[in-house]
file model.cif (mmCIF, C-alpha atoms)
data_start
loop_
_atom_site.label_atom_id
_atom_site.label_comp_id
_atom_site.auth_asym_id
_atom_site.auth_seq_id
_atom_site.Cartn_x
_atom_site.Cartn_y
_atom_site.Cartn_z
CA MET A 1 0.00 0.00 0.00
CA LYS A 2 1.25 3.47 -0.89
CA THR A 3 2.32 5.59 2.09
CA ASN A 4 3.17 9.24 2.58
CA PHE A 5 6.74 9.11 3.86
CA SER A 6 9.15 11.93 4.72
CA VAL A 7 12.37 12.52 6.69
CA LEU A 8 13.22 15.82 8.38
CA PHE A 9 16.09 17.13 10.52
CA PHE A 10 15.28 19.76 13.13
CA LEU A 11 16.75 21.38 16.25
CA LYS A 12 15.51 20.64 19.74
CA LYS A 13 16.34 22.87 22.71
CA PRO A 14 17.86 21.05 25.70
CA LYS A 15 15.68 20.76 28.82
CA ASN A 16 18.22 22.62 30.97
CA TYR A 17 19.00 25.18 28.34
CA THR A 18 21.33 28.05 29.20
CA LYS A 19 22.03 31.05 27.03
CA GLY A 20 24.73 30.34 24.46
CA ALA A 21 24.31 26.55 24.64
CA VAL A 22 23.97 24.45 21.50
CA TYR A 23 20.77 22.72 20.32
CA PHE A 24 20.49 19.01 19.61
CA ILE A 25 19.85 17.84 16.05
CA PHE A 26 16.94 15.39 15.83
CA LEU A 27 15.61 13.31 12.97
CA ARG A 28 11.85 13.00 12.42
CA ILE A 29 10.27 10.20 10.38
CA THR A 30 6.67 10.79 9.26
CA VAL A 31 4.45 8.10 7.74
CA ASN A 32 0.86 9.00 6.90
CA GLY A 33 0.93 11.86 9.39
CA VAL A 34 2.29 9.76 12.27
CA ARG A 35 5.73 10.75 13.59
CA ALA A 36 8.67 8.98 15.18
CA GLU A 37 11.71 10.95 16.37
CA MET A 38 15.27 10.11 17.41
CA SER A 39 18.48 11.91 18.22
CA THR A 40 21.31 12.12 15.67
CA SER A 41 23.86 12.44 18.51
CA ARG A 42 24.96 15.72 16.97
CA ASN A 43 24.41 19.35 17.93
CA CYS A 44 24.49 22.81 16.37
CA GLU A 45 24.26 26.45 17.29
CA PRO A 46 20.79 27.75 16.35
CA GLU A 47 22.27 30.64 14.31
CA GLN A 48 24.07 28.17 12.04
CA TRP A 49 21.02 26.02 11.29
CA ASN A 50 19.10 26.19 8.00
CA ALA A 51 15.66 24.89 8.95
CA LYS A 52 14.37 24.81 5.36
CA ALA A 53 17.30 22.77 4.05
CA GLY A 54 17.68 20.74 7.23
CA LYS A 55 21.45 21.23 7.46
CA VAL A 56 24.19 23.39 8.97
CA ILE A 57 25.23 26.63 7.25
CA GLY A 58 28.92 27.06 6.41
CA THR A 59 31.81 25.89 4.28
CA LYS A 60 34.30 24.80 6.92
CA GLU A 61 35.50 21.23 7.00
CA ASP A 62 33.68 20.35 10.24
CA VAL A 63 30.41 21.73 8.81
CA LYS A 64 30.83 19.70 5.62
CA THR A 65 31.54 16.59 7.70
CA LEU A 66 28.41 17.13 9.82
CA ASN A 67 26.18 17.70 6.79
CA ALA A 68 27.62 14.60 5.10
CA TYR A 69 26.83 12.61 8.26
CA LEU A 70 23.22 13.84 8.21
CA GLU A 71 22.81 13.07 4.50
CA ASN A 72 24.18 9.57 5.03
CA MET A 73 21.80 9.06 7.94
CA LYS A 74 18.89 10.23 5.81
CA ALA A 75 19.89 7.82 3.01
CA GLU A 76 19.97 4.92 5.49
CA VAL A 77 16.46 5.79 6.72
CA TYR A 78 15.22 5.75 3.11
CA ALA A 79 16.96 2.40 2.64
CA ALA A 80 15.18 1.03 5.72
CA HIS A 81 11.86 2.23 4.29
CA SER A 82 12.62 0.53 0.95
CA GLN A 83 13.56 -2.74 2.65
CA LEU A 84 10.28 -2.81 4.56
CA SER A 85 8.45 -2.30 1.27
CA VAL A 86 10.34 -5.18 -0.35
CA ASP A 87 9.59 -7.43 2.64
CA GLY A 88 5.89 -6.61 2.39
CA ALA A 89 5.90 -5.48 6.01
CA GLU A 90 3.55 -2.85 7.36
CA ILE A 91 5.22 0.56 7.06
CA THR A 92 4.82 2.86 10.04
CA ALA A 93 7.00 5.60 11.47
CA ASP A 94 8.03 3.27 14.30
CA SER A 95 8.75 0.32 11.99
CA VAL A 96 11.04 2.47 9.80
CA LYS A 97 12.80 3.78 12.89
CA CYS A 98 13.28 0.29 14.31
CA LYS A 99 14.52 -1.02 10.96
CA PHE A 100 17.06 1.83 10.73
CA LEU A 101 18.28 1.21 14.30
CA GLY A 102 18.46 -2.55 13.72
CA LYS A 103 15.84 -3.26 16.33
CA GLU A 104 12.74 -5.41 16.09
CA GLU A 105 9.56 -3.42 16.54
CA LYS A 106 7.56 -4.77 19.48
CA ALA A 107 5.05 -7.22 18.08
CA HIS A 108 1.65 -7.29 19.73
CA THR A 109 -0.44 -10.44 19.49
CA ILE A 110 -4.14 -11.13 19.35
CA LEU A 111 -4.14 -13.31 22.47
CA GLU A 112 -2.26 -10.55 24.30
CA ALA A 113 -4.98 -8.09 23.28
CA ILE A 114 -7.78 -10.45 24.40
CA LYS A 115 -6.01 -11.03 27.73
CA ILE A 116 -5.66 -7.30 28.41
CA HIS A 117 -9.32 -6.76 27.49
CA ASN A 118 -10.52 -9.61 29.73
CA GLU A 119 -8.46 -8.46 32.73
CA LYS A 120 -10.01 -4.99 32.47
CA MET A 121 -13.50 -6.42 32.00
CA LYS A 122 -13.04 -8.68 35.03
CA ALA A 123 -12.34 -5.63 37.18
CA LEU A 124 -15.45 -3.92 35.76
CA VAL A 125 -17.56 -7.04 36.43
CA GLU A 126 -16.60 -6.76 40.09
CA LYS A 127 -17.93 -3.20 40.01
CA GLU A 128 -21.10 -4.52 38.32
CA GLU A 129 -20.51 -2.49 35.15
CA TYR A 130 -20.54 -5.71 33.10
CA ALA A 131 -22.45 -8.95 33.58
CA PRO A 132 -20.38 -12.07 34.40
CA GLY A 133 -21.87 -13.73 31.32
CA THR A 134 -20.33 -11.09 29.08
CA LEU A 135 -16.88 -11.84 30.48
CA ARG A 136 -17.41 -15.57 29.99
CA ARG A 137 -18.12 -15.02 26.28
CA PHE A 138 -14.75 -13.29 25.84
CA GLU A 139 -13.02 -16.05 27.81
CA VAL A 140 -14.56 -18.56 25.40
CA LEU A 141 -13.34 -16.36 22.51
CA ALA A 142 -9.79 -16.54 23.88
CA ARG A 143 -9.89 -20.36 23.92
CA HIS A 144 -11.37 -20.56 20.42
CA VAL A 145 -8.81 -18.14 18.94
CA GLU A 146 -5.94 -19.99 20.64
CA ASP A 147 -7.18 -23.35 19.32
CA PHE A 148 -7.67 -21.92 15.83
CA ILE A 149 -4.13 -20.45 15.68
CA ALA A 150 -2.66 -23.75 16.83
CA ALA A 151 -4.67 -25.76 14.28
CA LYS A 152 -4.31 -23.40 11.31
CA TYR A 153 -0.85 -21.86 11.77
CA ASN A 154 0.82 -24.30 14.22
CA ARG A 155 1.66 -21.38 16.52
CA THR A 156 0.89 -20.36 20.08
CA ASP A 157 -0.07 -16.77 19.16
CA PHE A 158 -0.52 -14.45 16.18
CA ASN A 159 0.73 -10.94 15.38
CA VAL A 160 -2.25 -8.55 15.20
CA LYS A 161 -0.69 -6.82 12.18
CA ARG A 162 -1.06 -10.04 10.19
CA ILE A 163 -4.78 -10.38 10.81
CA ASP A 164 -6.57 -10.03 7.48
CA HIS A 165 -9.67 -11.30 5.65
CA GLU A 166 -8.06 -14.73 5.28
CA PHE A 167 -7.59 -14.99 9.07
CA ILE A 168 -11.16 -13.81 9.79
CA ASP A 169 -12.76 -16.11 7.19
CA GLY A 170 -10.62 -19.01 8.41
CA PHE A 171 -11.70 -18.41 12.01
CA ASP A 172 -15.36 -18.21 10.93
CA PHE A 173 -15.03 -21.52 9.04
CA TYR A 174 -13.26 -23.09 12.06
CA LEU A 175 -16.13 -22.06 14.36
CA HIS A 176 -18.70 -23.64 12.03
CA THR A 177 -16.82 -26.88 11.42
CA VAL A 178 -14.50 -27.79 14.31
CA LYS A 179 -16.43 -26.02 17.09
CA GLU A 180 -19.80 -26.87 15.45
CA ASN A 181 -21.27 -23.43 16.14
CA ASP A 182 -24.41 -22.39 14.32
CA THR A 183 -24.36 -19.22 12.20
CA ASN A 184 -25.60 -16.85 14.89
CA THR A 185 -23.26 -18.21 17.59
CA ALA A 186 -20.29 -17.95 15.25
CA ASN A 187 -21.32 -14.38 14.39
CA LYS A 188 -21.24 -13.44 18.08
CA HIS A 189 -17.64 -14.69 18.36
CA ILE A 190 -16.68 -12.80 15.20
CA LYS A 191 -18.25 -9.60 16.57
CA ASN A 192 -16.35 -10.03 19.84
CA LEU A 193 -13.12 -10.52 17.87
CA LYS A 194 -13.93 -7.35 15.94
CA LYS A 195 -14.17 -5.48 19.24
CA ILE A 196 -10.69 -6.71 20.22
CA VAL A 197 -9.27 -5.62 16.85
CA SER A 198 -10.88 -2.20 17.28
CA ILE A 199 -9.08 -1.84 20.61
CA CYS A 200 -5.79 -2.75 18.86
CA ARG A 201 -6.44 0.05 16.36
CA LYS A 202 -7.12 2.45 19.24
CA TYR A 203 -3.78 1.48 20.80
CA LYS A 204 -2.18 2.03 17.35
CA TRP A 205 -0.96 -1.57 17.31
CA ILE A 206 -2.40 -1.75 13.79
CA SER A 207 -3.20 1.06 11.38
CA THR A 208 -5.77 -0.61 9.09
CA ASP A 209 -9.09 -2.32 9.80
CA PRO A 210 -8.97 -5.97 8.68
CA PHE A 211 -12.77 -6.16 9.13
CA PHE A 212 -13.39 -3.47 6.51
CA GLY A 213 -15.74 -4.93 3.90
CA HIS A 214 -16.37 -8.07 5.97
CA THR A 215 -20.10 -8.78 6.30
CA LEU A 216 -21.98 -11.19 8.54
CA LYS A 217 -25.11 -13.03 7.49
CA SER A 218 -27.44 -14.00 10.31
CA LYS A 219 -30.18 -16.59 10.28
CA PRO A 220 -33.64 -15.58 11.53
CA VAL A 221 -34.27 -16.79 15.07
CA HIS A 222 -37.56 -18.38 16.12
CA ARG A 223 -38.50 -16.44 19.26
CA GLU A 224 -40.83 -18.56 21.35
CA PHE A 225 -43.34 -17.13 23.81
CA LEU A 226 -46.23 -18.53 25.78
CA THR A 227 -49.73 -18.33 24.39
CA ALA A 228 -52.60 -17.21 26.64
CA ASP A 229 -53.66 -20.86 27.00
CA GLU A 230 -50.14 -22.00 28.02
CA LEU A 231 -49.82 -19.10 30.46
CA HIS A 232 -53.19 -20.08 31.97
CA LYS A 233 -52.07 -23.72 32.36
CA ILE A 234 -48.96 -22.70 34.32
CA THR A 235 -50.92 -20.23 36.44
CA GLN A 236 -53.66 -22.72 37.40
CA LYS A 237 -51.38 -25.71 37.99
CA GLN A 238 -51.20 -26.77 41.64
CA PHE A 239 -47.80 -28.05 42.78
CA THR A 240 -47.19 -30.31 45.76
CA THR A 241 -43.84 -28.71 46.72
CA ASP A 242 -43.14 -25.14 47.80
CA ARG A 243 -39.96 -25.26 45.70
CA LEU A 244 -41.86 -25.53 42.41
CA SER A 245 -44.61 -23.16 43.52
CA GLN A 246 -42.09 -20.43 44.32
CA VAL A 247 -40.19 -20.81 41.04
CA ARG A 248 -43.52 -20.78 39.14
CA ASP A 249 -44.44 -17.53 40.91
CA PHE A 250 -41.11 -15.91 40.06
CA PHE A 251 -41.49 -16.99 36.43
CA LEU A 252 -45.03 -15.58 36.26
CA PHE A 253 -43.81 -12.33 37.83
CA SER A 254 -41.39 -11.94 34.90
CA CYS A 255 -44.16 -12.82 32.44
CA TYR A 256 -46.36 -10.03 33.81
CA THR A 257 -43.64 -7.39 34.30
CA GLY A 258 -41.09 -8.12 31.53
CA LEU A 259 -38.22 -7.93 34.04
CA SER A 260 -35.14 -10.08 33.48
CA TYR A 261 -33.79 -12.51 36.07
CA ALA A 262 -31.10 -10.02 37.12
CA ASP A 263 -33.68 -7.22 37.45
CA VAL A 264 -36.04 -9.35 39.55
CA GLN A 265 -33.16 -10.58 41.70
CA LYS A 266 -32.14 -7.03 42.66
CA LEU A 267 -35.69 -5.68 42.95
CA LYS A 268 -36.49 -4.02 46.30
CA LEU A 269 -39.88 -3.23 47.81
CA ALA A 270 -38.75 0.40 47.74
CA ASP A 271 -38.75 0.14 43.92
CA VAL A 272 -42.55 -0.26 44.07
CA SER A 273 -44.48 2.97 44.57
CA ILE A 274 -47.61 4.78 43.45
CA GLY A 275 -47.67 5.86 39.80
CA VAL A 276 -49.47 8.66 37.96
CA ASP A 277 -52.74 6.69 37.94
CA GLY A 278 -52.78 6.09 41.69
CA GLU A 279 -51.89 2.40 41.26
CA ARG A 280 -48.71 0.56 42.17
CA TRP A 281 -45.85 0.74 39.65
CA ILE A 282 -42.31 -0.64 39.51
CA PHE A 283 -39.68 2.08 39.07
CA THR A 284 -36.19 0.70 38.50
CA TYR A 285 -33.20 0.63 36.16
CA ARG A 286 -32.44 -2.27 33.85
CA LYS A 287 -29.20 -3.92 34.90
CA LYS A 288 -28.14 -4.69 31.32
CA THR A 289 -28.73 -1.28 29.72
CA ASP A 290 -29.02 0.96 32.81
CA THR A 291 -32.19 2.46 31.31
CA ARG A 292 -35.00 3.60 33.59
CA VAL A 293 -38.24 1.64 33.37
CA ALA A 294 -41.68 2.31 34.81
CA ILE A 295 -44.05 -0.69 34.79
CA PRO A 296 -47.63 -0.67 36.08
CA LEU A 297 -48.17 -3.70 38.32
CA LEU A 298 -50.79 -6.02 36.88
CA PRO A 299 -52.97 -7.76 39.52
CA ILE A 300 -51.21 -11.15 39.31
CA ALA A 301 -47.75 -9.54 39.65
CA ALA A 302 -48.97 -7.42 42.58
CA SER A 303 -50.39 -10.50 44.34
CA ILE A 304 -47.06 -12.33 43.95
CA LEU A 305 -45.22 -9.39 45.58
CA ASP A 306 -47.72 -9.32 48.43
CA LYS A 307 -47.38 -13.09 48.90
CA TYR A 308 -43.64 -12.87 49.60
CA LYS A 309 -43.20 -9.45 51.23
CA ALA A 310 -42.95 -11.03 54.71
CA HIS A 311 -40.61 -13.83 53.61
CA PRO A 312 -37.52 -14.04 55.88
CA TYR A 313 -35.12 -13.78 52.93
CA CYS A 314 -36.83 -10.61 51.68
CA LEU A 315 -36.78 -8.99 55.11
CA HIS A 316 -33.15 -9.93 55.79
CA HIS A 317 -31.74 -9.01 52.36
CA ASN A 318 -34.07 -6.10 51.50
CA ARG A 319 -35.44 -7.80 48.42
CA ALA A 320 -38.92 -7.98 46.91
CA LEU A 321 -38.74 -11.71 46.09
CA PRO A 322 -36.64 -14.65 47.42
CA ILE A 323 -35.06 -15.57 44.09
CA SER A 324 -33.02 -18.77 43.69
CA SER A 325 -29.90 -19.04 41.54
CA ASN A 326 -30.51 -18.81 37.81
CA GLN A 327 -29.22 -22.35 37.29
CA LYS A 328 -31.64 -23.78 39.87
CA MET A 329 -34.50 -21.73 38.44
CA ASN A 330 -33.93 -23.17 34.97
CA GLU A 331 -33.77 -26.73 36.36
CA TYR A 332 -37.09 -26.33 38.18
CA LEU A 333 -38.74 -24.65 35.18
CA VAL A 334 -38.14 -27.83 33.16
CA GLU A 335 -40.25 -29.73 35.74
CA ILE A 336 -42.89 -26.99 35.81
CA ALA A 337 -43.29 -27.06 32.02
CA ALA A 338 -43.65 -30.86 31.99
CA LEU A 339 -46.17 -30.93 34.86
CA SER A 340 -48.19 -28.08 33.31
CA GLY A 341 -48.37 -29.76 29.90
CA VAL A 342 -46.43 -26.99 28.16
CA ASN A 343 -44.08 -28.31 25.49
CA LYS A 344 -41.65 -25.36 25.57
CA THR A 345 -38.33 -24.66 27.30
CA LEU A 346 -39.20 -22.12 29.97
CA GLY A 347 -36.71 -19.45 30.97
CA ASN A 348 -36.27 -15.75 31.50
CA ARG A 349 -36.11 -14.98 27.78
CA ILE A 350 -39.44 -16.67 27.08
CA ALA A 351 -40.93 -14.83 30.08
CA LYS A 352 -39.87 -11.43 28.68
CA ARG A 353 -41.21 -12.32 25.23
CA THR A 354 -44.49 -13.45 26.77
CA PHE A 355 -44.85 -10.06 28.44
CA GLY A 356 -43.98 -8.30 25.20
CA THR A 357 -46.41 -10.36 23.12
CA THR A 358 -49.25 -12.26 24.85
CA VAL A 359 -49.60 -9.93 27.84
CA THR A 360 -49.17 -6.52 26.15
CA LEU A 361 -49.11 -6.33 22.33
CA LEU A 362 -51.92 -8.88 21.87
CA ASN A 363 -54.04 -6.85 24.28
CA GLY A 364 -53.64 -3.65 22.31
CA VAL A 365 -50.82 -1.97 24.23
CA PRO A 366 -48.94 0.29 21.76
CA ILE A 367 -45.50 -0.96 20.78
CA GLU A 368 -43.89 2.30 21.98
CA SER A 369 -45.18 1.68 25.53
CA VAL A 370 -44.09 -1.96 25.41
CA SER A 371 -40.61 -0.91 24.29
CA LYS A 372 -40.33 1.53 27.18
CA MET A 373 -41.47 -1.03 29.77
CA LEU A 374 -39.03 -3.62 28.43
CA GLY A 375 -36.19 -1.09 28.67
CA HIS A 376 -35.25 -1.41 25.00
CA THR A 377 -32.93 1.35 23.83
CA ASN A 378 -34.12 0.84 20.26
CA ILE A 379 -37.72 0.17 19.24
CA ARG A 380 -36.46 -2.15 16.49
CA THR A 381 -35.70 -4.68 19.25
CA THR A 382 -39.37 -4.60 20.29
CA GLN A 383 -40.46 -4.92 16.67
CA LEU A 384 -38.81 -8.36 16.62
CA TYR A 385 -41.46 -9.43 19.14
CA ALA A 386 -44.26 -7.98 17.05
CA LYS A 387 -43.18 -9.90 13.94
CA VAL A 388 -44.26 -13.22 15.43
CA LEU A 389 -47.79 -12.14 16.23
CA ASP A 390 -49.86 -13.66 13.41
CA ILE A 391 -52.90 -13.58 15.71
CA LYS A 392 -52.52 -9.84 16.24
CA VAL A 393 -52.18 -9.31 12.49
CA SER A 394 -55.35 -11.33 11.98
CA GLU A 395 -57.24 -9.27 14.60
CA ASP A 396 -55.97 -5.98 13.17
CA MET A 397 -56.95 -7.02 9.64
CA ALA A 398 -60.40 -8.34 10.60
CA PRO A 399 -62.27 -5.00 10.23
CA LEU A 400 -60.59 -4.33 6.88
CA MET A 401 -61.28 -7.88 5.76
CA GLY A 402 -64.96 -7.49 6.66
CA LYS A 403 -65.19 -4.23 4.70
CA PHE A 404 -63.70 -5.80 1.56
CA VAL A 405 -65.89 -8.91 1.88
CA ALA A 406 -68.98 -6.70 2.06
CA GLN A 407 -67.89 -4.76 -1.01
CA HIS A 408 -67.17 -8.01 -2.84
CA ILE A 409 -70.63 -9.41 -2.06
CA LYS A 410 -72.29 -6.21 -3.19
CA ALA A 411 -70.26 -6.19 -6.42
CA SER A 412 -71.09 -9.88 -6.96
CA ASP A 413 -74.82 -9.19 -6.67
CA VAL A 414 -74.59 -6.44 -9.31
CA THR A 415 -72.57 -8.67 -11.63
CA GLU A 416 -74.98 -11.59 -11.29
CA SER A 417 -77.96 -9.33 -11.99
CA LYS A 418 -76.27 -7.89 -15.10
CA ILE A 419 -75.41 -11.39 -16.37
CA SER A 420 -79.03 -12.55 -15.86
CA ASN A 421 -80.38 -9.55 -17.82
CA ASP A 422 -77.88 -10.11 -20.64
CA VAL A 423 -78.84 -13.78 -20.89
CA ALA A 424 -82.56 -12.90 -21.04
CA ALA A 425 -81.98 -10.31 -23.79
CA ILE A 426 -79.98 -12.76 -25.89
CA ARG A 427 -82.65 -15.38 -25.45
CA GLU A 428 -85.43 -13.03 -26.62
CA LYS A 429 -83.36 -11.96 -29.60
CA TYR A 430 -82.80 -15.63 -30.56
CA ILE A 431 -86.51 -16.41 -30.35
CA SER A 432 -87.36 -13.41 -32.61
CA VAL A 433 -84.79 -14.43 -35.22
CA SER A 434 -86.10 -18.00 -35.17
CA LYS A 435 -89.69 -16.84 -35.80
CA ILE A 436 -88.63 -14.69 -38.77
CA ALA A 437 -86.69 -17.62 -40.24
CA GLU A 438 -89.74 -19.94 -39.93
CA ALA A 439 -92.02 -17.39 -41.63
CA SER A 440 -89.65 -17.12 -44.55
#
call {"tool": "encode", "arguments": {"input": "model.cif", "output": "structure tokens"}}
result
Amino acid sequence: MKTNFSVLFFLKKPKNYTKGAVYFIFLRITVNGVRAEMSTSRNCEPEQWNAKAGKVIGTKEDVKTLNAYLENMKAEVYAAHSQLSVDGAEITADSVKCKFLGKEEKAHTILEAIKIHNEKMKALVEKEEYAPGTLRRFEVLARHVEDFIAAKYNRTDFNVKRIDHEFIDGFDFYLHTVKENDTNTANKHIKNLKKIVSICRKYKWISTDPFFGHTLKSKPVHREFLTADELHKITQKQFTTDRLSQVRDFFLFSCYTGLSYADVQKLKLADVSIGVDGERWIFTYRKKTDTRVAIPLLPIAASILDKYKAHPYCLHHNRALPISSNQKMNEYLVEIAALSGVNKTLGNRIAKRTFGTTVTLLNGVPIESVSKMLGHTNIRTTQLYAKVLDIKVSEDMAPLMGKFVAQHIKASDVTESKISNDVAAIREKYISVSKIAEAS
């Protein structure tokens, strides 16, 4: 790739400068606007320096020797630049400088970048700025990238400057084949890798974006939710153990509020107060997006809160509900689904979708209000819920369908009448012609 490259000599004043002292002569290498500087180990009086020509003024032997030294140094820098071009190496101000000095430029690796990112994220997880699950995804990325480099390149790590479309496509293929990831899972790993590469660009470890022009193709996801009948089955089911009854209640609370597991787990009774309509509302902030949400409490959600407000765990830990671990919740929900006759995998995601579809959108709540209650930062996320509502489409189209059916029937009556009249006229005309023919 063509680069804008230049070499310049200039004077630099010493830090402890005293009047009459000499200035140091420095060399500046500039590549695409990025500079690298180094000392020439020579000095000059400022009055003798020609800044435009980048050399010392004079005809004495020592001046000629100094200028010859600078010209030779400049030629060697150009030679270093040419050698990097021949080698096909990335040309930066630092790489030219290192080549001239005979040093190897510090090579940064992709696993090094992922490690630095994960260490910082781990500290932020402890401060609850990131969810632990987000960190785990990047830890999985580190293992996948390490395995890929070992399998593809027989190395333990890979220089970030060598990452290109071939590396990215190879990693994508590796995720699909060796790791047996589906398209959407592989895309998530590729997006996380892209984030790491973007950080490398920010650190100026690389100057170009290897992801430029790289596109990802996602497969549509079937987003399951509970129908009104399935929700009724789970609500009415009587369980013999308190364990299942409690988990069922927590699941229903999410279905009727749209709150995630993390949001329900941290919910306090103080987060429930009187809203603008005089009824009880939940006022909180989504843990994932930190967006404020205000949710009117539907009767079943309010009754669940009232049922557990005196629970020892809630009183001791200042929580609205005594939530179990997410892993235990998911285990118990498998039993609840089976006992309730619901052939779906219950979980927090399906609870949120049920609130966004069966509980709200299907009952005529505007999508803008649903989006706000769900804490979505973009209404397009909520529109994904609306896309699956064939029943709602049918209900919305029913009045229009009735109007068109009525018009069609009316038009059909007119057409049938016209056809009958035309047939009668033709028949009469035929009879008249037949009579005239007989008379002849």
call {"tool": "resolve_selection", "arguments": {"input": "model.cif", "expression": "the PyMOL selection byres ((chain A and resi 97) around 9)", "output": "PyMOL selection string"}}
result
chain A and resi 29+36-38+77+80-81+92-96+98-103+105
call {"tool": "atom_distance", "arguments": {"input": "model.cif", "atom1": "CA of Ala107 in chain A", "atom2": "CA of Ser207 in chain A"}}
result
13.5 Å
call {"tool": "residues_around", "arguments": {"input": "model.cif", "residues": "Tyr78 in chain A", "least_positions_apart": "3", "cutoff": "9 Å", "atoms": "only C-alpha atoms", "output": "NGL selection string"}}
result
:A and (6-7 or 73-75 or 81-83 or 96 or 100)
call {"tool": "residues_around", "arguments": {"input": "model.cif", "residues": "Arg319 in chain A", "least_positions_apart": "2", "cutoff": "9 Å", "atoms": "all atoms listed in the file", "output": "list in words"}}
result
Gln265, Lys266, Leu267, Lys268, Leu269, Ala270, Lys309, Tyr313, Cys314, Leu315, His316, His317, Leu321, Pro322 and Ile323 of chain A
call {"tool": "resolve_selection", "arguments": {"input": "model.cif", "expression": "the PyMOL selection byres ((chain A and resi 198) around 12)", "output": "list in words"}}
result
Ile110, Ala113, Ile114, His117, Val160, Lys191, Asn192, Leu193, Lys194, Lys195, Ile196, Val197, Ile199, Cys200, Arg201, Lys202, Tyr203, Lys204, Trp205, Ile206, Ser207, Thr208, Asp209, Pro210, Phe211 and Phe212 of chain A
call {"tool": "residues_around", "arguments": {"input": "model.cif", "residues": "Leu252 in chain A", "least_positions_apart": "5", "cutoff": "10 Å", "atoms": "only C-alpha atoms", "output": "PyMOL selection string"}}
result
chain A and resi 231+234-235+246-247+257-258+300-301+304+348+351+354-355
call {"tool": "residues_around", "arguments": {"input": "model.cif", "residues": "range 135-139 of chain A", "least_positions_apart": "3", "cutoff": "9 Å", "atoms": "all atoms listed in the file", "output": "list in words"}}
result
Ile114, Lys115, His117, Asn118, Met121, Lys122, Val125, Tyr130, Ala131, Pro132, Ala142, Arg143, His144, Lys188, His189, Asn192 and Leu193 of chain A
call {"tool": "resolve_selection", "arguments": {"input": "model.cif", "expression": "the PyMOL selection byres ((chain A and resi 148) around 10)", "output": "list in words"}}
result
Ala142, Arg143, His144, Val145, Glu146, Asp147, Ile149, Ala150, Ala151, Lys152, Tyr153, Asn154, Arg155, Thr156, Asp157, Phe167, Gly170, Phe171, Asp172, Tyr174, Leu175, Val178 and Lys179 of chain A
call {"tool": "atom_distance", "arguments": {"input": "model.cif", "atom1": "CA of Leu374 in chain A", "atom2": "CA of His232 in chain A"}}
result
22.0 Å
